[in-house]
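Participant: Structure incoming, see below.
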Amino acid sequence: MEKFSTWRDPGTGIQPFLTPVPPSQGSSPILKVYAPIGYVFGAVRTVLFVLPLALYAVGQTLSVLLSPIPLLRRTISNIFTAISTRLALALLGLLWIPVEIVTRKKGRSAGTPNSWNPSAGDVIVSNWCSWIELLYLAFRWNPIFVLSIAEEPSNDSQPATPQSTPGRRTGTGSAAISTPTSASRTRVPILGWREASLLEMISHSGQGPLVPRKGDSAPLSLEQIRAKADRPLVVFPECTTSNGRAVLRFADVFSDVPVPVKAFRVFVMCVRYDPPTAADPSLSHSIPSSGVPNSLSHLFTLLSSPIVLRTMSMRLLSPADSPSSQTFVASDFLSPGAKDQLGEACAQLIAQLGKFKRTTVLGWEEKTAFLEFYRQKS
């Protein structure tokens with residue numbers, strides 16, 4: 001949409017924030033007939049989501065009660081989380097999720113990719129497109145999720161006004177063309193992190209980092225959380241969701257971690273969703289819901305569509321090619337003086353895994369400004 005063209009990345013030309021829509025092909029008569037049925041169908045399927053939610057709540061309650069017995073607590077938590085999240089994915093139509101372990105080596109030297117087995121204190125780094133991959137991560141590894149904390153971005157760098165280009169770049173002035181420039185914002189450092197439950201992550205999906213409030217406890221560093229973790233740790237360096245069309249500019253979240261990493265293992269992955277169609281909306285969730293609990297309206301939109309079977313693809317980088325592998329060649333990914341070596345390496349690996357482009361300017365600061373503008377215009 002033209003009114004949102006300011007938030008198009010200048011280096012790639014991609015708009016990574018708006019919800020993807022199918023190509024305009026006119027409204028199908030079948031879909032028009034199905035529409036009223038879809039609301040009923042969606043309402044029934046949404047109510048069914050109470051079951052996995054209840055199972056998850058029971059598991060969390062039992063985990064709290066069993067806190068004095070750590071091994072039993074983790075076992076109960078893993079079982080209930082796996083059952084509830086797999087059921088939720090099935091209700092979304094994701095009965096089968098293809099997973100591919102990818103190696104960067106080619107030919108005979110590639111060999112068999114190493115298995116993925118993140119354990120306590122290891123770090124999983126991924127792009128972030130929706131609350132749906134949170135369900136998958138919880139199902140597979142029941143990890144510790146973390147939310148970033150940062151000061152609210154200032155408004156000292158407002159969206160640039162369109163610049164007029166004379167003629168058709170011929171200097172004739174015969175057809176003035178307006179070329180919007182990107183709404184770049186001042187970079188804001190990440191102050192720290194805090195642990196978040198699966199439901200907290202789902203409710204925060206699409207939004208930017210948390211803003212510290214008076215009375216809040218001091219944010220922790222990733223290393224402080226990781227050192228005490230009894231499960232793998234999931235980090236989303238984009239610090240917000242994109243629409244799945246590109247990898248957003250990473251925040252500097254691993255600035256004090258040299259590459260190759262020796263203190264812990266790093267597992268890199270990416271998620272991709274199929275483009276939407278007239279009958280099936282996008283699984284990506286880049287714009288949080290307003291007026292209702294976040295992700296609920298997106299859930300209803302998905303469940304009211306006539307499509308009952310969907311797919312998403314997970315691509316996992318072979319641990320042998322990870323930034324924590326001692327054979328990892330940092331110079332293949334890093335330029336001299338890179339501030340966040342691990343973040344830069346992971347961003348490039350994720351882009352290669354998913355065959356994404358990386359935005360050159362747009363990050364979570366621009367996403368926050370975009371959401372503010374979007375709500376004003378909607």
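Within each chain, counting starts at residue 1; across the structure tokens, chains are named A, B, ... in the order shown, with ligands numbered 1 upward in that order.
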Per residue of range 261-281 of chain A within 9 Å of range 342-365 of chain A, record the nearest atom pair and its distance in Å to one decimal, counting only C-alpha atoms, with rows in chain order and ascending residue number, as CSV.
Facilitator:
residue,atom,partner,partner_atom,distance
A:Val261,CA,A:Leu342,CA,7.9
A:Val268,CA,A:Cys346,CA,6.8
A:Met269,CA,A:Ile350,CA,6.4
A:Cys270,CA,A:Ile350,CA,5.8
A:Val271,CA,A:Gly354,CA,7.2
A:Arg272,CA,A:Gly354,CA,6.8
Participant: Contacts of range 218-223 of chain A at 6 Å or less, counting only C-alpha atoms, minus same-chain residues fewer than 3 places along, as a list of chain:residue names?
Facilitator: A:Gly192, A:Trp193, A:Arg226, A:Ala227
Participant: Can you write just those residues out, N, CA and C atoms, as a PDB file, in the first residue's frame?
Facilitator:
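Final output, saved to selection_27.pdb:
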ATOM      1  N   GLY A 192      18.683  -5.562  28.313  1.00  0.00           N
ATOM      2  CA  GLY A 192      18.774  -6.881  28.922  1.00  0.00           C
ATOM      3  C   GLY A 192      17.583  -7.727  28.534  1.00  0.00           C
ATOM      4  N   TRP A 193      17.339  -8.775  29.314  1.00  0.00           N
ATOM      5  CA  TRP A 193      16.329  -9.765  28.977  1.00  0.00           C
ATOM      6  C   TRP A 193      15.620 -10.248  30.236  1.00  0.00           C
ATOM      7  N   ARG A 226      21.326 -17.840  30.765  1.00  0.00           N
ATOM      8  CA  ARG A 226      21.822 -19.092  30.197  1.00  0.00           C
ATOM      9  C   ARG A 226      22.571 -19.929  31.230  1.00  0.00           C
ATOM     10  N   ALA A 227      23.367 -19.275  32.069  1.00  0.00           N
ATOM     11  CA  ALA A 227      24.195 -19.998  33.030  1.00  0.00           C
ATOM     12  C   ALA A 227      23.360 -20.801  34.027  1.00  0.00           C
TER      13      ALA A 227
END
Participant: Would you please give, as a PyMOL selection string, all residues of range 119-263 of chain A that DSSP assigns to helix (DSSP H, G or I) based on the backbone?
Facilitator: chain A and resi 132-141+198-204+222-227
Participant: Taking 6 positions as the minimum chain separation for residues in the same chain, which residues sit within 12 Å of Arg104 in chain A when counting only C-alpha atoms? Answer as a list in words.
Facilitator: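 Answer for this query is Ala110, Gly111, Thr112, Pro113, Asn114, Leu316, Leu317, Ser318, Pro319, Ala320, Asp321, Ser322, Phe328, Leu349, Ile350, Gln352 and Leu353 of chain A.
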